[in-house]
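Visitor: Sharing a structure here in structure tokens format.
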Amino acid sequence: MKNTLRKKLVRDMLRAKMQFFALIALCMLSVFLFSGIDSFALITKETNDTFFRENHLAHFFISLPQADRDALSRIRSIDGVQAAQARFSMDMDVDLPGDPQLNVTAFDGEMTVNIPYLLEGEALDPADKRGCLIQEAFARAHGLCVGSSIELEYHGMRYPLFIRGIVNSPEYISLSDGMAIDSTKYGYLLASAQAFAEIPLTQIAVLLEDGADEDAVRAEIERALPSAFIIDRRTHKSTAVVENNAQMFRDLSFLFPLAAYAVAALIVMTTLSRMVDNERMQIGTLRALGYSDARIRRHYLCYAIIPSAIGSLLGLFLGFYGLPTAFWDVLFGQNEYPYLIKPPISAQSLFIALLNVAVSAAICLHTYNKSTRECAAALLRPKPPKAGARILLERITPLWRRMSFNQKMITRNLLRSKVRTFMSFAGLLCCNALLIASLGLQDSVKLTLNGHYGGTLGYDVCAQLSSDAGDADAYERHLAADRVECAMETSLSVRSGSTQRTTLLTVLRDDQQLVRLGKGFSRMPLYGDGAILTEKLAATLGVSTGDTITCQLPASDETFDVIVSQIAVNNLNQGVYLTRSAWDGLRKGAFVPTAVYLRAPAQQTLEKLETMDEVEEISHIVDEREEAFIYLNSVSMVFSILTVIALALAFVICYNMGLINFAERTREYATLKVLGYHQKEIRRLILGENLLVTVLAIVLSVWPGIGFTGMILSLVESESMRYASTVTSASVLIASAVTFCFSIFIQLLLARKVRSIDMVEALKSVE
């Protein structure tokens, strides 16, 4: 008897192989997406945590006028501090082709904090005055190796050094010069402070003990060193970037994948219910032959457990091991990890896979129990059709009379099979909404970058100035361009209540026009003596217009309060803005320009800037925009993966629901053939029903898709970035066209099956 049921199971699966394949595909896609995104989050977090822990990444980076022995001893005496090391960190020119720069970090003594990971060569001796360790990517870009010599230049002083080792540093996993990551132009170098005897130490890197209270230690540092300017891991550029990446994938894994999972579960429920319902007479036959109810139940549970288990396991392993392997270099190629740690499959992914199987089994069991309440004799008879009833449209006589016979038939069939109609409608609506959202996410990334570089930044060229810069008025008068404006940029510590952040302070002219901070990338006049905060920073600090924030400048032990006068919009660069008159009113020093903004500069002006000693770098907005697209490639690639998964899900759902529809309507199609309907007429009926449901689902899916786009963006954005949420009409049309074509194409394929209907088999019944 067991062998008989096994043979029956195999025959049933072969006979309905396409529906079983659809079940496997649905279960696989739903688990695959969650498992894949979850694996990115786990690998990133585990690798970050291990690298930071084993190589002693600092918890605080303290800037001081001078990091002397007294300051070090004060820091080391604070409870919870494990180690503290004095150093300096600054950019220096390198005598290499292309005039690149290196961020040079020189340590006092043996490296006990931010220990580099040695890839080639040997560790650096603290007393080595001629040796250095250099970034792997920079060395590779310039053809440098262990033993090569380089020469640094800083304020007229030259420092020849020999490369002792090639390294990756936990402090610089993500090293970026603005939004660009170009190893031919920028990198980092580590050396002993003894190699730069003339340069004072101005930083202290602090490592805390395990379990130490960071907020308490920070408060103690501020009391011990009132002039200290403190940056923690949340505001340290490299650390914040890589940890935001891990958090982005963690948050993303609980929204889009679960939405796709819910859609797949809905269709699996419908499919299994219909499959078991169609086995009504088989169940009656098995009962009549003496099979126990428990054995029959186990047999039909295999309909759910086998395909859902196969699909879930495939999705689990393909997602966890396949997706990171295929896309890791594309997503995180700009980050420098010396190794990757692949933890085991997470409990969340295992739970989703098991839940897939459990839900499928529960649906199958519920349907079986509902279908077998009758005795065996009743089950051997076909299920009697529902009693006919007039639908609402029939009561609207003028409208009903004007409808053709085919239109009346389509309307009656849709409203009579409400569950199937609703499931088809819901599946198409959800899939189209997911498609719209996935395309909208890519639209939002493009709008954010194009809006920032083509809207917020109203200048074409930015010249970065050194501390030797001259008077701002001189640059604005003597440089030929449509408009020239000078700005001063510096770091700023901002506090509101218990929330503190280190951000960028930009001082602009009172009548400035080249930085547009209004909504929709429009120009916003700056007024008043208060501070202008960007939206994201204001939300992080929990402040609004009229509130007061406490600020502190680097190398200053004095804090000052400023009223928030305006809220600005800047999606990529969060920070604080002041007018020049507001800065002068604070009396915190002279306005020393650090950047010159130029709109449509003349060629001779660009040539003149290149010859100025105080100009450190000239950047063009067009080039920065292209580099920014590369920088945000990881986010765009994630959204592209979501688009592919949504497309696959839409195809499987359309095909599966089409199969169910055709299987349920086989008897009706056979009846129509007997009545003389031609193949083309029946095909028009099939397409008419599907067309009505598809168009309605597409129309009603637009607003959910747009709303879903905003929800996902709110999860993946970091403190330093805010995406401009948008879904273009082109994306809506593309998603809708794809869903429509999938649906129509599948219905055309299924309509061809009408020819193969055995009318005698379809119409016969037990009398």
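Just remember, in the structure tokens the first chain shown is A, the second B, etc., residues are 1-based per chain, and ligands are 1-based in the order shown.
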Can you tell me, as a PyMOL selection string, which residues in region 494-612 of chain A count as strand (DSSP E) by DSSP?

Guide: chain A and resi 494-496+499-508+531-534+548-552+559-568+575-579+595-601

Visitor: With only C-alpha atoms as the counted atoms, please give the residues lying no more than 9 Å from region 436-450 of chain A, apart from itself and same-chain residues fewer than 2 positions off, as a ChimeraX atom specification.

Guide: /A:431-434,452-455,571-572,625,628-629,632,635-637,639-644,646,701-702,704-710,712-713,722-728,731-736

Visitor: Report as a PyMOL selection string all protein, DNA and RNA residues lying within 9 Å of Val276 (chain A), evaluated on only C-alpha atoms, omitting residues in the same chain fewer than 2 positions from it.

Guide: chain A and resi 271-274+278-280+300+303+364+367-368+371

Visitor: For the selection you just gave me, I'd like the residues written to a file as a PDB file, in the first residue's frame, keeping N, CA and C atoms.

Guide:
ATOM      1  N   THR A 271      -2.405  27.826  -4.821  1.00  0.00           N
ATOM      2  CA  THR A 271      -2.041  26.667  -5.636  1.00  0.00           C
ATOM      3  C   THR A 271      -2.305  25.363  -4.905  1.00  0.00           C
ATOM      4  N   LEU A 272      -1.839  25.263  -3.671  1.00  0.00           N
ATOM      5  CA  LEU A 272      -2.026  24.027  -2.914  1.00  0.00           C
ATOM      6  C   LEU A 272      -3.501  23.759  -2.648  1.00  0.00           C
ATOM      7  N   SER A 273      -4.240  24.802  -2.344  1.00  0.00           N
ATOM      8  CA  SER A 273      -5.674  24.619  -2.086  1.00  0.00           C
ATOM      9  C   SER A 273      -6.367  24.048  -3.313  1.00  0.00           C
ATOM     10  N   ARG A 274      -6.060  24.592  -4.486  1.00  0.00           N
ATOM     11  CA  ARG A 274      -6.692  24.112  -5.710  1.00  0.00           C
ATOM     12  C   ARG A 274      -6.241  22.693  -6.041  1.00  0.00           C
ATOM     13  N   ASN A 278      -8.818  19.547  -6.244  1.00  0.00           N
ATOM     14  CA  ASN A 278      -8.978  18.773  -7.470  1.00  0.00           C
ATOM     15  C   ASN A 278      -8.782  17.271  -7.244  1.00  0.00           C
ATOM     16  N   GLU A 279      -8.218  16.905  -6.089  1.00  0.00           N
ATOM     17  CA  GLU A 279      -8.008  15.497  -5.752  1.00  0.00           C
ATOM     18  C   GLU A 279      -9.168  14.922  -4.951  1.00  0.00           C
ATOM     19  N   ARG A 280     -10.297  15.605  -4.916  1.00  0.00           N
ATOM     20  CA  ARG A 280     -11.445  15.189  -4.110  1.00  0.00           C
ATOM     21  C   ARG A 280     -11.863  13.742  -4.402  1.00  0.00           C
ATOM     22  N   TYR A 300      -0.981  13.469   1.085  1.00  0.00           N
ATOM     23  CA  TYR A 300      -1.238  14.776   0.482  1.00  0.00           C
ATOM     24  C   TYR A 300      -0.389  15.888   1.096  1.00  0.00           C
ATOM     25  N   TYR A 303       2.461  16.755  -1.063  1.00  0.00           N
ATOM     26  CA  TYR A 303       2.238  17.732  -2.115  1.00  0.00           C
ATOM     27  C   TYR A 303       2.814  19.098  -1.729  1.00  0.00           C
ATOM     28  N   CYS A 364      -1.931  23.058   3.184  1.00  0.00           N
ATOM     29  CA  CYS A 364      -2.349  21.782   2.602  1.00  0.00           C
ATOM     30  C   CYS A 364      -3.216  21.000   3.586  1.00  0.00           C
ATOM     31  N   THR A 367      -6.705  22.572   3.877  1.00  0.00           N
ATOM     32  CA  THR A 367      -7.521  22.277   2.702  1.00  0.00           C
ATOM     33  C   THR A 367      -7.977  20.825   2.701  1.00  0.00           C
ATOM     34  N   TYR A 368      -7.067  19.926   3.082  1.00  0.00           N
ATOM     35  CA  TYR A 368      -7.435  18.499   3.125  1.00  0.00           C
ATOM     36  C   TYR A 368      -8.550  18.259   4.136  1.00  0.00           C
ATOM     37  N   SER A 371     -11.801  19.473   2.833  1.00  0.00           N
ATOM     38  CA  SER A 371     -12.325  18.728   1.689  1.00  0.00           C
ATOM     39  C   SER A 371     -12.810  17.338   2.060  1.00  0.00           C
TER      40      SER A 371
END

Visitor: When you look at Glu120 (chain A) with a cut-off of 9 Å (counting only C-alpha atoms), what residues show up, excluding the ones that are within fewer than 3 positions of it in the same chain? I need them as a PDB file with N, CA, C and O atoms, in the first residue's frame.

Guide:
ATOM      1  N   CYS A 145      56.259  48.565  -4.598  1.00  0.00           N
ATOM      2  CA  CYS A 145      56.395  47.285  -3.901  1.00  0.00           C
ATOM      3  C   CYS A 145      57.307  47.470  -2.700  1.00  0.00           C
ATOM      4  O   CYS A 145      57.859  48.562  -2.466  1.00  0.00           O
ATOM      5  N   VAL A 146      57.455  46.419  -1.916  1.00  0.00           N
ATOM      6  CA  VAL A 146      58.337  46.480  -0.746  1.00  0.00           C
ATOM      7  C   VAL A 146      59.759  46.788  -1.219  1.00  0.00           C
ATOM      8  O   VAL A 146      60.289  46.142  -2.133  1.00  0.00           O
ATOM      9  N   ARG A 164      58.470  49.580   3.712  1.00  0.00           N
ATOM     10  CA  ARG A 164      58.807  48.350   4.436  1.00  0.00           C
ATOM     11  C   ARG A 164      57.711  47.289   4.296  1.00  0.00           C
ATOM     12  O   ARG A 164      57.982  46.100   4.410  1.00  0.00           O
ATOM     13  N   GLY A 165      56.462  47.745   4.068  1.00  0.00           N
ATOM     14  CA  GLY A 165      55.375  46.782   3.999  1.00  0.00           C
ATOM     15  C   GLY A 165      54.162  47.344   3.271  1.00  0.00           C
ATOM     16  O   GLY A 165      53.971  48.559   3.177  1.00  0.00           O
ATOM     17  N   ILE A 166      53.358  46.437   2.738  1.00  0.00           N
ATOM     18  CA  ILE A 166      52.075  46.760   2.092  1.00  0.00           C
ATOM     19  C   ILE A 166      50.974  46.329   3.057  1.00  0.00           C
ATOM     20  O   ILE A 166      50.960  45.177   3.518  1.00  0.00           O
ATOM     21  N   VAL A 167      50.017  47.223   3.342  1.00  0.00           N
ATOM     22  CA  VAL A 167      49.069  46.948   4.421  1.00  0.00           C
ATOM     23  C   VAL A 167      47.640  47.336   4.043  1.00  0.00           C
ATOM     24  O   VAL A 167      47.398  48.050   3.071  1.00  0.00           O
TER      25      VAL A 167
END

Visitor: Which is closer to Ser30 (chain A) than all the others in A:Ile283, A:Leu675, A:Ala600, A:Ala259, using only C-alpha atoms?

Guide: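 Nearest candidate to Ser30 (chain A) out of A:Ile283, A:Leu675, A:Ala600, A:Ala259: A:Ala259.
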